[in-house]
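A.B. asks: I'd like to ask some things about the structure below.
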2 protein chains.
Amino acid sequence: MSSALTSLPAWRSLAEHRRTRAFELRELFAADPARFHKFTISHGELLLDFSKHYLDDRTLKLLVALADARGLREWIAKLVTGERINVTENRPALHTALRSTRPVLLDGRDITRDVVRVRAQMRRFSDELRGGVLKGATGQAFTDVINIGIGGSDLGPALAVDALAPYTARRPRVHFMSNVDGAHVDATLSALDPKTTLAIVVSKTFTTQETLTNAQSVRTWLENTVGKGSGKHFAAVTANVKAAHGFGIDDERIFEFWDWVGGRYSMWSAVGLPIAVAAGMDAFEAMCEGAREMDEHFTTAPFEANMPVILALLGVWYVDFFGRTAHAVLPYDMRLARFPDYLQQLEMESNGKRVTREGEALDYDTCPVVWGSPGTNGQHAFYQMLHQGTQVVPADFVVCAKPHHALAAHHRILLANCYAQSEAMMRGKTAEEARAELQAQGLSATEIARLTPHKVFPGNRPSSTIVLDSLTPRALGALIALYEHKVFTQSVIWGINAFDQWGVELGKKLADRILPELAENAPIGSHDSSTRGLIEYTRSKRSNEESK
Amino acid sequence: MSSALTSLPAWRSLAEHRRTRAFELRELFAADPARFHKFTISHGELLLDFSKHYLDDRTLKLLVALADARGLREWIAKLVTGERINVTENRPALHTALRSTRPVLLDGRDITRDVVRVRAQMRRFSDELRGGVLKGATGQAFTDVINIGIGGSDLGPALAVDALAPYTARRPRVHFMSNVDGAHVDATLSALDPKTTLAIVVSKTFTTQETLTNAQSVRTWLENTVGKGSGKHFAAVTANVKAAHGFGIDDERIFEFWDWVGGRYSMWSAVGLPIAVAAGMDAFEAMCEGAREMDEHFTTAPFEANMPVILALLGVWYVDFFGRTAHAVLPYDMRLARFPDYLQQLEMESNGKRVTREGEALDYDTCPVVWGSPGTNGQHAFYQMLHQGTQVVPADFVVCAKPHHALAAHHRILLANCYAQSEAMMRGKTAEEARAELQAQGLSATEIARLTPHKVFPGNRPSSTIVLDSLTPRALGALIALYEHKVFTQSVIWGINAFDQWGVELGKKLADRILPELAENAPIGSHDSSTRGLIEYTRSKRSNEESK
């Protein structure tokens with residue numbers, strides 16, 4: 001029995017197309033000199049080249065038909081108008097409202113007025129912090145700001161602060177403390193002076209265990225030096241204002257965000273405060289503007305010329321029709337080093353699901369493993385496998401036409417490598433080509449025969465290339481919104497809820513059970529022998545230490 | 001037609017075993033209370049728990065039989081005695097000789113004498129650098145050291161310097177410059193003073209484009225301040241001493257390593273110099289000692305109790321008999337944040353191959369995508385997909401029983417989360433369990449019916465847990481050697497050469513072609529329309545800029 005998706009005519013046509021059409025990229029390019037122009041989309045400061053994919057006119061038509069058959073147009077409208085499309089949590093997903101220039105009504109109320117209010121508060125605070133107007137308990141200006149948050153309260157802001165380094169003031173420096181690992185706390189605090197350090201505690205619920213544990217330890221560290229005045233060294237970003245009060249943070253230091261903002265879509269809200277602190281509120285607003293431009297493109301462009309829709313459909317094409325289980329993200333930009341990490345949450349937490357919105361188990365695959373690291377570094381690490389491994393991994397290359405630095409030769413080498421890699425993945429190298437090369441090197445026939453198979457590249461490995469004019473706040477905002485909408489589009493095709501994350505609950509619950517059991521002599525409840533064995537082993541190691 | 005591997009009786013027995021045996025982890029644990037003790041191995045400062053795997057006594061026996069049938073014992077002997085097992089490059093792979101306490105003969109010569117000599121040179125240099133004895137051109141001691149290297153000349157040392165932070169002196173600080181991206185150069189240099197900065201240029205061939213380009217820009221930066229005396233601000237680690245000379249580096253500043261050390265296995269050679277500079281030569285030698293202990297375990301322990309062999313066989317089991325294409329590495333330790341990156345090179349560059357040593361195309365899969373990031377961070381990012389995605393991803397958890405910091409509560413939470421995650425992946429949550437929970441929360445029958453499927457965790461997701469006593473240099477060395485030997489074992493099972501990397505050549509070559517074509521008005525050679533289109537688009541963006 002087939003699901004609603006796999007029994008669709010559009011799906012079946014794609015399956016048939018996949019079975020009957022050979023997708024040889026070299027041949028596709030040879031057959032059509034206009035292929036690049038046909039399969040590129042440019043919008044704002046971004047270009048998407050999707051010509052190096054298993055795709056012809058008919059494929060594109062069928063993929064778009066699938067999007068139509070799944071009601072994507074209607075779903076986009078539901079998204080941006082605030083329907084409660086996060087059905088399991090009965091909430092809308094209104095990150096687009098955070099960057100909207102038009103009113104967005106939720107239960108009859110224009111929520112963009114709240115957005116404007118908090119933005120004004122962010123501007124005041126970040127201006128004062130950057131200007132040295134804001135002072136700590138000892139009357140000194142702040143030199144350092146720690147963002148204490150994890151997941152959606154960490155990855156987006158950390159990405160943007162890295163990416164916008166050329167826009168960033170020397171002071172205050174912004175640090176990110178996410179992991180509950182004491183080593184992260186230690187490493188962060190050891191370089192800082194409590195008298196001139198301010199901490200922003202970021203948690204939607206203000207109950208996140210890692211964040212609150214870290215905030216508590218930072219408070220202790222502050223109080224050891226500045227005493228009771230440590231309140232002046234805190235701000236909070238939360239949907240739970242009351243709890244932030246309870247932690248002892250003043251009203252004007254509490255930045256609200258709302259139920260209708262999902263954690264992994266929250267960097268456009270006050271969660272973006274560290275971005276404003278580092279790069280300035282103008283830069284933050286330019287980011288939002290870039291995202292808004294992508295929202296407009298997403299909501300208005302025809303699907304065959306719609307960047308997020310195309311990226312999404314290609315993803316579905318590889319996952320469900322070619323059995324591809326991984327997707328590489330390869331930014332040729334060191335300032336986007338965290339982009340793969342950011343996308344891991346955005347994509348895998350949103351679409352790493354196995355039931356439909358209505359709770360039926362799927363008979364098709366959803367989100368692949370999303371991974372990668374910056375080129376050229378990756379070339380010297382895992383590209384061997386991308387080129388000559390047994391598994392084909394579709395990839396997104398991301399690169400900027402113009403750098404912010406003055407090292408032109410470096411940038412040219414970077415670009416040449418980026419384009420050469422997608423060319424190499426696509427073309428490969430045939431046995432004939434490998435043999436000719438070895439002959440040219442003057443090797444003996446025996447040597448040539450021996451080495452040739454090792455020098456063959458199967459090629460036909462697909463990739464997209466996204467070129468940003470340059471890594472401006474605006475381009476960065478557009479790039480991130482591009483992937484947000486890609487992920488949403490895929491969730492619509494797959495019929496899943498991209499906005500809940502029930503898969504994180506069980507581990508949290510079991511951790512709460514194990515935590516007291518790690519104490520010396522505490523009773524250990526019922527576990528499998530492995531979990532029990534690990535608890536006992538760890539306890540024995542610690543008591544060894546203590547008895548030494 | 002089957003290959004030598006897939007036609008082996010041992011392989012066929014495994015295939016049969018896989019077909020006829022259900023591997024339900026909950027049941028396996030219920031059936032055998034001694035499962036943890038049966039399927040753990042402890043050696044030195046490491047414990048490996050492999051009980052949460054699709055494995056029973058028979059599986060283990062069959063996997064070991066496969067290793068025997070592939071002659072693993074003999075291959076290990078070939079590895080450590082320096083046979084030229086890197087057949088395509090006609091070289092041995094003697095990283096074990098770098099940490100051996102016994103003579104290792106290569107062409108009749110004891111190469112460990114060279115190792116000892118270079119170690120003495122490293123000690124002298126790192127002692128002098130750390131002690132402030134070594135001075136730059138202006139007579140000042142060095143406050144900062146930049147390691148300029150990429151791939152194997154970057155990932156291992158960067159991992160170790162992070163991991164050994166508690167052992168690290170305040171001065172000199174060690175920085176890593178790897179990417180040819182000018183942003184990496186800019187970001188690194190902007191915080192440094194040329195008068196007190198020393199650069200170590202690390203490249204086996206001393207021709208690596210990224211490294212030499214970066215070294216050249218660092219030299220310019222140094223010369224702008226210290227003039228002709230910039231030679232005093234350089235050291236080199238290379239197998240091409242002549243080229244390092246040519247760059248203007250003095251003899252006593254050139255640290256040799258050798259043809260018989262593979263780049264991704266080179267951190268035990270002088271490539272480890274930044275480790276010695278940061279954490280001291282004693283720490284570096286303790287790391288080597290830990291690796292040596294793992295070498296001994298690998299070469300002597302019976303396969304069924306041999307950590308690297310077990311990790312390797314489990315990997316083969318999942319890739320080739322369960323069709324698993326990804327493997328997650330989840331260090332619950334912020335100081336091991338770079339461990340997944342390190343393993344990406346070690347595993348994917350070694351075993352991302354598609355032909356046998358003899359050049360036959362494989363009829364089975366090899367290296368999966370290796371990826372991950374530190375817990376607890378990953379829990380708030382991609383674990384949703386690990387728990388409830390459609391794809392099963394086997395995982396390695398790595399955690400330390402004891403931390404170096406004094407934040408005991410943090411460490412307990414970290415441990416509880418680590419163990420809870422592997423428990424959750426293994427157990428899952430059935431519909432009955434989910435329903436009971438929702439009932440206990442007092443939800444209506446309709447709500448319960450609606451939410452239950454979203455709260456189900458399929459479970460039965462396998463993982464290993466590696467517990468280090470604590471993140472000492474010795475334990476770190478053993479951990480890295482564990483994976484080196486895992487990778488080698490897999491290459492023996494798969495019949496591939498783990499020590500070449502022909503897959504990186506094509507991209508380099510094509511980049512050399514594209515590089516001049518990026519210049520304004522330069523002729524563009526023959527490319528597919530995508531590659532040509534990208535080159536032209538980039539040029540147009542830059543000339544737009546210039547004409548503004």
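Identifiers in this document derive from the order of the structure tokens: chains are assigned A, B, ..., residues are numbered from 1 separately in each chain, and ligands are numbered from 1 in order of occurrence.
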What lies within 8 Å of range 191-194 of chain A using only C-alpha atoms, ignoring chain neighbours under 4 positions off, as a PyMOL selection string?
C.D. replies: chain A and resi 144+187+198+221-222+225-226
A.B. asks: Show me a table, sorted first by chain and then by increasing residue number, of the residues of range 127-239 of chain B having an atom at most 12 Å from range 115-121 of chain B, each with its shortest atom pair and the distance in Å to one decimal, counting only C-alpha atoms and written as JSON lines.
C.D. replies:
{"residue": "B:Asp127", "atom": "CA", "partner": "B:Gln121", "partner_atom": "CA", "distance": 9.9}
{"residue": "B:Glu128", "atom": "CA", "partner": "B:Gln121", "partner_atom": "CA", "distance": 10.7}
{"residue": "B:Ala235", "atom": "CA", "partner": "B:Gln121", "partner_atom": "CA", "distance": 11.9}
{"residue": "B:Val237", "atom": "CA", "partner": "B:Val118", "partner_atom": "CA", "distance": 10.4}
{"residue": "B:Thr238", "atom": "CA", "partner": "B:Val118", "partner_atom": "CA", "distance": 11.7}
A.B. asks: Can you write out the residues you just picked, keeping N, CA and C atoms, as a PDB file, in the first residue's frame?
C.D. replies:
ATOM      1  N   ASP B 127      61.249  23.923  23.845  1.00  0.00           N
ATOM      2  CA  ASP B 127      61.684  24.421  25.162  1.00  0.00           C
ATOM      3  C   ASP B 127      62.124  25.882  25.061  1.00  0.00           C
ATOM      4  N   GLU B 128      62.930  26.167  24.062  1.00  0.00           N
ATOM      5  CA  GLU B 128      63.442  27.529  23.905  1.00  0.00           C
ATOM      6  C   GLU B 128      62.327  28.524  23.580  1.00  0.00           C
ATOM      7  N   ALA B 235      59.891  28.633  10.930  1.00  0.00           N
ATOM      8  CA  ALA B 235      60.421  27.275  11.012  1.00  0.00           C
ATOM      9  C   ALA B 235      59.671  26.472   9.955  1.00  0.00           C
ATOM     10  N   VAL B 237      58.416  22.336   8.733  1.00  0.00           N
ATOM     11  CA  VAL B 237      58.322  20.892   8.947  1.00  0.00           C
ATOM     12  C   VAL B 237      58.035  20.298   7.575  1.00  0.00           C
ATOM     13  N   THR B 238      58.916  19.460   7.106  1.00  0.00           N
ATOM     14  CA  THR B 238      58.792  19.010   5.712  1.00  0.00           C
ATOM     15  C   THR B 238      59.637  17.771   5.432  1.00  0.00           C
TER      16      THR B 238
END
A.B. asks: Would you list the contacts of Pro274 in chain B as a PyMOL selection string, taking every protein, DNA or RNA residue within 12 Å and counting only C-alpha atoms, but skipping same-chain residues closer than 4 positions in sequence?
C.D. replies: chain B and resi 122-123+125-127+129-130+144-149+153-162+164+168+172-176+198-202+235-237+255+267-270+278-281+283-284
A.B. asks: Go through A:Val261, A:Ala183, A:Ala328, A:Met287 one by one, measure the shortest atom-to-atom distance of each to chain B using only C-alpha atoms, and give the residue with the smallest value.
C.D. replies: A:Ala183
A.B. asks: Check range 395-514 of chain B with DSSP on the backbone and list each residue it calls alpha helix (DSSP H), as a ChimeraX atom specification.
C.D. replies: /B:408-427,431-440,445-455,473-494,505-514
A.B. asks: If we count only C-alpha atoms and set the cut-off at 10 Å, which residues sit around Arg412 in chain B, ignoring sequence neighbours fewer than 6 positions away in its own chain? Please answer as a PyMOL selection string.
C.D. replies: (chain A and resi 180-182+514-519) or (chain B and resi 401-403+418)
A.B. asks: Those selected residues, please, written with all heavy atoms and delivered as an mmCIF file, in the first residue's frame.
C.D. replies:
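Result file selection.cif:
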data_model
loop_
_atom_site.group_PDB
_atom_site.id
_atom_site.type_symbol
_atom_site.label_atom_id
_atom_site.label_comp_id
_atom_site.auth_asym_id
_atom_site.auth_seq_id
_atom_site.Cartn_x
_atom_site.Cartn_y
_atom_site.Cartn_z
ATOM 1 N N VAL A 180 27.121 22.344 27.989
ATOM 2 C CA VAL A 180 27.112 22.239 29.456
ATOM 3 C C VAL A 180 28.465 21.734 29.968
ATOM 4 O O VAL A 180 28.768 21.845 31.164
ATOM 5 C CB VAL A 180 25.960 21.317 29.931
ATOM 6 C CG1 VAL A 180 26.280 19.863 29.651
ATOM 7 C CG2 VAL A 180 25.628 21.551 31.398
ATOM 8 N N ASP A 181 29.277 21.208 29.068
ATOM 9 C CA ASP A 181 30.626 20.775 29.432
ATOM 10 C C ASP A 181 31.349 21.910 30.156
ATOM 11 O O ASP A 181 31.511 23.005 29.609
ATOM 12 C CB ASP A 181 31.384 20.384 28.155
ATOM 13 C CG ASP A 181 32.779 19.854 28.448
ATOM 14 O OD1 ASP A 181 33.199 19.864 29.619
ATOM 15 O OD2 ASP A 181 33.443 19.433 27.488
ATOM 16 N N GLY A 182 31.815 21.641 31.362
ATOM 17 C CA GLY A 182 32.520 22.648 32.138
ATOM 18 C C GLY A 182 33.749 23.178 31.425
ATOM 19 O O GLY A 182 34.190 24.306 31.689
ATOM 20 N N ILE A 514 19.232 9.428 34.919
ATOM 21 C CA ILE A 514 20.607 8.966 35.164
ATOM 22 C C ILE A 514 21.370 9.920 36.075
ATOM 23 O O ILE A 514 22.197 9.500 36.890
ATOM 24 C CB ILE A 514 21.360 8.789 33.815
ATOM 25 C CG1 ILE A 514 20.726 7.632 33.014
ATOM 26 C CG2 ILE A 514 22.842 8.542 34.031
ATOM 27 C CD1 ILE A 514 21.293 7.463 31.606
ATOM 28 N N LEU A 515 21.067 11.221 35.960
ATOM 29 C CA LEU A 515 21.869 12.231 36.671
ATOM 30 C C LEU A 515 22.104 11.903 38.154
ATOM 31 O O LEU A 515 23.264 11.832 38.589
ATOM 32 C CB LEU A 515 21.224 13.609 36.479
ATOM 33 C CG LEU A 515 21.971 14.800 37.091
ATOM 34 C CD1 LEU A 515 23.394 14.888 36.570
ATOM 35 C CD2 LEU A 515 21.231 16.104 36.789
ATOM 36 N N PRO A 516 21.060 11.645 38.955
ATOM 37 C CA PRO A 516 21.332 11.343 40.365
ATOM 38 C C PRO A 516 22.056 10.013 40.560
ATOM 39 O O PRO A 516 22.746 9.823 41.569
ATOM 40 C CB PRO A 516 19.926 11.295 40.985
ATOM 41 C CG PRO A 516 18.983 11.074 39.845
ATOM 42 C CD PRO A 516 19.623 11.705 38.648
ATOM 43 N N GLU A 517 21.929 9.129 39.599
ATOM 44 C CA GLU A 517 22.556 7.810 39.734
ATOM 45 C C GLU A 517 24.069 7.866 39.588
ATOM 46 O O GLU A 517 24.766 6.898 39.900
ATOM 47 C CB GLU A 517 21.978 6.840 38.691
ATOM 48 C CG GLU A 517 20.471 6.633 38.865
ATOM 49 C CD GLU A 517 19.827 5.847 37.724
ATOM 50 O OE1 GLU A 517 20.518 5.580 36.718
ATOM 51 O OE2 GLU A 517 18.640 5.512 37.832
ATOM 52 N N LEU A 518 24.574 8.985 39.097
ATOM 53 C CA LEU A 518 26.022 9.114 38.928
ATOM 54 C C LEU A 518 26.720 9.455 40.232
ATOM 55 O O LEU A 518 27.946 9.396 40.331
ATOM 56 C CB LEU A 518 26.334 10.181 37.873
ATOM 57 C CG LEU A 518 26.026 9.781 36.428
ATOM 58 C CD1 LEU A 518 26.049 10.992 35.506
ATOM 59 C CD2 LEU A 518 27.023 8.728 35.938
ATOM 60 N N ALA A 519 25.938 9.819 41.259
ATOM 61 C CA ALA A 519 26.537 10.156 42.547
ATOM 62 C C ALA A 519 26.998 8.886 43.261
ATOM 63 O O ALA A 519 26.366 7.827 43.151
ATOM 64 C CB ALA A 519 25.522 10.908 43.406
ATOM 65 N N ALA B 401 35.589 10.049 31.928
ATOM 66 C CA ALA B 401 35.036 9.845 33.271
ATOM 67 C C ALA B 401 35.305 11.058 34.153
ATOM 68 O O ALA B 401 34.443 11.503 34.898
ATOM 69 C CB ALA B 401 35.618 8.574 33.896
ATOM 70 N N LYS B 402 36.511 11.576 34.068
ATOM 71 C CA LYS B 402 36.890 12.702 34.925
ATOM 72 C C LYS B 402 37.278 13.923 34.098
ATOM 73 O O LYS B 402 38.036 13.792 33.140
ATOM 74 C CB LYS B 402 38.093 12.297 35.801
ATOM 75 C CG LYS B 402 37.733 11.332 36.907
ATOM 76 C CD LYS B 402 38.971 10.730 37.523
ATOM 77 C CE LYS B 402 39.660 9.769 36.553
ATOM 78 N NZ LYS B 402 40.833 9.079 37.091
ATOM 79 N N PRO B 403 36.811 15.094 34.500
ATOM 80 C CA PRO B 403 37.175 16.322 33.787
ATOM 81 C C PRO B 403 38.449 16.934 34.382
ATOM 82 O O PRO B 403 38.909 16.521 35.441
ATOM 83 C CB PRO B 403 35.988 17.228 34.074
ATOM 84 C CG PRO B 403 35.570 16.845 35.470
ATOM 85 C CD PRO B 403 35.867 15.359 35.609
ATOM 86 N N CYS B 418 25.189 11.949 27.905
ATOM 87 C CA CYS B 418 25.866 11.027 26.995
ATOM 88 C C CYS B 418 25.259 9.623 27.117
ATOM 89 O O CYS B 418 24.863 9.015 26.131
ATOM 90 C CB CYS B 418 27.352 11.015 27.313
ATOM 91 S SG CYS B 418 28.294 9.882 26.281
#
A.B. asks: Using CA of Ser13 in chain B and CA of Glu74 in chain B as the two end points, give the distance in Å to one decimal.
C.D. replies: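 That distance, rounded to one decimal, is 22.5 Å.
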A.B. asks: Where does DSSP see strand (DSSP E or B) in range 322-429 of chain A, if you list the residues as a ChimeraX atom specification?
C.D. replies: /A:326-332,355,361,369-371,395-402,429
